[in-house]
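Peer 1: One structure, pasted below without further comment.
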Amino acid sequence: MLMNKIEIADLLEEKHNDLFDWLAQQPKENWEKGPLEKWTAGQHILHLVNSLQLLNNALSYPKFVLKYKFGVCNRASRDYDTVAKKYQQKLIDNQDRAKKFNTNLKKPSLKDRARLLTRFQIQEKKLQYKTKKISDKNLDTLVIPHPLMGKMTLREIIMWTAHHTAHHLETLKLLY
């Protein structure tokens, strides 16, 4: 069963709060240093902020622009679990592509931490607000492209964003 807009906004809030709670308990040094050939905590946050900002920017376009540029969906929206499973499988199937996509991410310094976390919170709140304002029809018919997943309905990509945050939190927990 598909999540409604309020449930999606609440899930975004929950996943982001989980990440912020975890970050608050971590030594500040982890912001700039990470395991060999792995991202630092700061890079994970920068990646999530960039992802949120790109989605918020796309959702700021008039709906007719999205429809003209990317078309409309020819299938029913997938539920959260299906989107999450498909993403995890795509990561496995496209490890080299995913690694290449993320190789040039700069390392935020400790002095950038507060600013970056504030940007993260602002972008997350914007996405929650926009999610609640988009009509159900547009959530399930308009599509935008994801670099790994291909075209996704707005509902799917917003749910994916919650999963994406949880995925990075799980990675951080494993590495630190």
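Within each chain, counting starts at residue 1; across the structure tokens, chains are named A, B, ... in the order shown, with ligands numbered 1 upward in that order.
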Please tabulate, as CSV, the residues of stretch 80-124 of chain A that come within 12 Å of stretch 54-65 of chain A, each with its closest pair of atoms and the distance in Å to one decimal, counting only C-alpha atoms and ordering rows by chain, then residue number upward.
Peer 2:
```
residue,atom,partner,partner_atom,distance
A:Phe120,CA,A:Asn56,CA,11.7
A:Ile122,CA,A:Asn56,CA,10.6
A:Gln123,CA,A:Asn56,CA,7.3
A:Glu124,CA,A:Asn56,CA,8.9
```
Peer 1: Please dump the current selection as a PDB file, in the first residue's frame; keep C-alpha atoms.
Peer 2:
```pdb
ATOM      1  CA  PHE A 120      20.671  19.884   5.610  1.00  0.00           C
ATOM      2  CA  ILE A 122      16.593  23.575   5.812  1.00  0.00           C
ATOM      3  CA  GLN A 123      16.513  21.344   2.727  1.00  0.00           C
ATOM      4  CA  GLU A 124      14.822  18.552   4.672  1.00  0.00           C
TER       5      GLU A 124
END
```
Peer 1: List every residue of stretch 17-134 of chain A that has an atom at most 10 Å from any atom of stretch 7-12 of chain A, and for each one report the closest atom pair and its distance in Å to one decimal, counting only C-alpha atoms, with rows sorted by chain and then by increasing residue number, as CSV.
Peer 2:
```
residue,atom,partner,partner_atom,distance
A:Asn17,CA,A:Leu12,CA,8.5
A:Asp18,CA,A:Leu12,CA,10.0
A:Tyr80,CA,A:Ile8,CA,9.2
A:Glu124,CA,A:Leu12,CA,7.5
A:Lys125,CA,A:Leu12,CA,8.9
A:Leu127,CA,A:Ala9,CA,7.9
A:Gln128,CA,A:Ala9,CA,4.9
A:Tyr129,CA,A:Ala9,CA,7.8
A:Lys130,CA,A:Ala9,CA,9.1
A:Thr131,CA,A:Ala9,CA,6.5
A:Lys132,CA,A:Ala9,CA,7.0
```
Peer 1: How many Å lie between atom CA of A:His146 and atom CA of A:Lys5, rounded to one decimal?
Peer 2: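 Distance between the two atoms: 20.3 Å.
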Peer 1: For A:Leu116, list every protein, DNA or RNA residue within 8 Å, evaluated using only C-alpha atoms, and leave out those in the same chain fewer than 2 positions away; present the list as an MDAnalysis selection string.
Peer 2: chainID A and resid 45:46 49 112:114 118:120
Peer 1: Only C-alpha atoms, please: the residues just picked out, written as a tab-separated table (two decimals), in the first residue's frame.
Peer 2:
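Produced file again.tsv, reproduced below:
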```tsv
chain	number	residue	atom	x	y	z
A	45	ILE	CA	26.26	14.75	4.90
A	46	LEU	CA	27.42	16.83	1.92
A	49	VAL	CA	22.50	17.83	1.26
A	112	ASP	CA	31.92	23.86	7.60
A	113	ARG	CA	30.07	21.39	9.86
A	114	ALA	CA	27.53	23.73	11.48
A	118	THR	CA	21.93	23.83	8.95
A	119	ARG	CA	21.64	23.53	5.16
A	120	PHE	CA	20.67	19.88	5.61
```
Peer 1: Report, in Å with one decimal, the straight-line distance from atom CA of A:Asp96 to atom CA of A:Pro147.
Peer 2: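 These atoms are spaced 13.3 Å apart.
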Peer 1: Can you check which residues of stretch 122-154 of chain A DSSP gives as strand (DSSP E) on the backbone and send them as number ranges by chain?
Peer 2: A: 143-146, 150-153
Peer 1: Could you pull the residues within 7 Å of stretch 84-92 of chain A, counting only C-alpha atoms, minus those fewer than 2 positions along the same chain, as a PyMOL selection string?
Peer 2: chain A and resi 80-82+94-95+98+148-149+160+163
Peer 1: Which residues are close to A:Tyr176, i.e. within 10 Å by only C-alpha atoms, leaving aside same-chain residues fewer than 6 positions away? Reply as a VMD selection string.
Peer 2: chain A and resid 26 to 27 30 34 to 35 40 to 41
Peer 1: Residues near A:Lys28, anyone? I mean within 10 Å using only C-alpha atoms, not counting same-chain ones fewer than 4 positions away, as a count of residues only.
Peer 2: 8
Peer 1: Report as number ranges by chain: the residues of chain A with a DSSP assignment of helix (DSSP H, G or I), based on the backbone of this structure.
Peer 2: A: 5-24, 28-31, 41-60, 63-70, 80-93, 95-101, 110-133, 136-141, 154-175
Peer 1: Would you compute the distance between atom CA of A:Glu156 and atom CA of A:Asp79? Give it in Å to one decimal.
Peer 2: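 The value is 7.3 Å.
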Peer 1: Can you pull out every residue within 9 Å of A:Ile157, counting only C-alpha atoms, but drop anything in the same chain fewer than 2 positions away, and send it as an MDAnalysis selection string?
Peer 2: chainID A and resid 55 83 143:146 151:155 159:162
Peer 1: Could you save the residues just selected, with N, CA and C atoms, as a PDB file, in the first residue's frame?
Peer 2:
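Output saved as selection03.pdb:
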```pdb
ATOM      1  N   LEU A  55      16.683  17.611  -5.507  1.00  0.00           N
ATOM      2  CA  LEU A  55      15.273  17.236  -5.527  1.00  0.00           C
ATOM      3  C   LEU A  55      14.389  18.455  -5.268  1.00  0.00           C
ATOM      4  N   VAL A  83      10.663   0.366  -3.604  1.00  0.00           N
ATOM      5  CA  VAL A  83      11.654   1.372  -4.002  1.00  0.00           C
ATOM      6  C   VAL A  83      12.981   1.102  -3.293  1.00  0.00           C
ATOM      7  N   VAL A 143       7.161  12.411 -13.316  1.00  0.00           N
ATOM      8  CA  VAL A 143       8.399  11.671 -13.087  1.00  0.00           C
ATOM      9  C   VAL A 143       9.599  12.593 -13.230  1.00  0.00           C
ATOM     10  N   ILE A 144      10.658  12.241 -12.517  1.00  0.00           N
ATOM     11  CA  ILE A 144      11.951  12.890 -12.700  1.00  0.00           C
ATOM     12  C   ILE A 144      13.015  11.798 -12.687  1.00  0.00           C
ATOM     13  N   PRO A 145      14.133  12.029 -13.367  1.00  0.00           N
ATOM     14  CA  PRO A 145      15.159  10.983 -13.452  1.00  0.00           C
ATOM     15  C   PRO A 145      16.051  10.933 -12.219  1.00  0.00           C
ATOM     16  N   HIS A 146      16.397   9.722 -11.850  1.00  0.00           N
ATOM     17  CA  HIS A 146      17.374   9.460 -10.797  1.00  0.00           C
ATOM     18  C   HIS A 146      18.592   8.857 -11.498  1.00  0.00           C
ATOM     19  N   LYS A 151      13.794   6.893 -14.334  1.00  0.00           N
ATOM     20  CA  LYS A 151      12.650   7.751 -14.029  1.00  0.00           C
ATOM     21  C   LYS A 151      11.847   7.184 -12.864  1.00  0.00           C
ATOM     22  N   MET A 152      11.520   8.068 -11.944  1.00  0.00           N
ATOM     23  CA  MET A 152      10.736   7.692 -10.765  1.00  0.00           C
ATOM     24  C   MET A 152       9.610   8.703 -10.609  1.00  0.00           C
ATOM     25  N   THR A 153       8.463   8.238 -10.103  1.00  0.00           N
ATOM     26  CA  THR A 153       7.397   9.197  -9.812  1.00  0.00           C
ATOM     27  C   THR A 153       7.864  10.083  -8.662  1.00  0.00           C
ATOM     28  N   LEU A 154       7.227  11.243  -8.526  1.00  0.00           N
ATOM     29  CA  LEU A 154       7.590  12.140  -7.431  1.00  0.00           C
ATOM     30  C   LEU A 154       7.400  11.440  -6.085  1.00  0.00           C
ATOM     31  N   ARG A 155       6.323  10.685  -5.943  1.00  0.00           N
ATOM     32  CA  ARG A 155       6.095   9.944  -4.692  1.00  0.00           C
ATOM     33  C   ARG A 155       7.267   8.989  -4.422  1.00  0.00           C
ATOM     34  N   MET A 159      10.007   9.199  -1.309  1.00  0.00           N
ATOM     35  CA  MET A 159      10.165   8.066  -0.391  1.00  0.00           C
ATOM     36  C   MET A 159      11.606   7.547  -0.445  1.00  0.00           C
ATOM     37  N   TRP A 160      12.170   7.505  -1.651  1.00  0.00           N
ATOM     38  CA  TRP A 160      13.561   7.064  -1.809  1.00  0.00           C
ATOM     39  C   TRP A 160      14.492   7.953  -0.985  1.00  0.00           C
ATOM     40  N   THR A 161      14.202   9.245  -0.918  1.00  0.00           N
ATOM     41  CA  THR A 161      15.039  10.181  -0.167  1.00  0.00           C
ATOM     42  C   THR A 161      15.099   9.779   1.306  1.00  0.00           C
ATOM     43  N   ALA A 162      13.976   9.352   1.860  1.00  0.00           N
ATOM     44  CA  ALA A 162      13.967   8.874   3.251  1.00  0.00           C
ATOM     45  C   ALA A 162      14.844   7.626   3.369  1.00  0.00           C
TER      46      ALA A 162
END
```
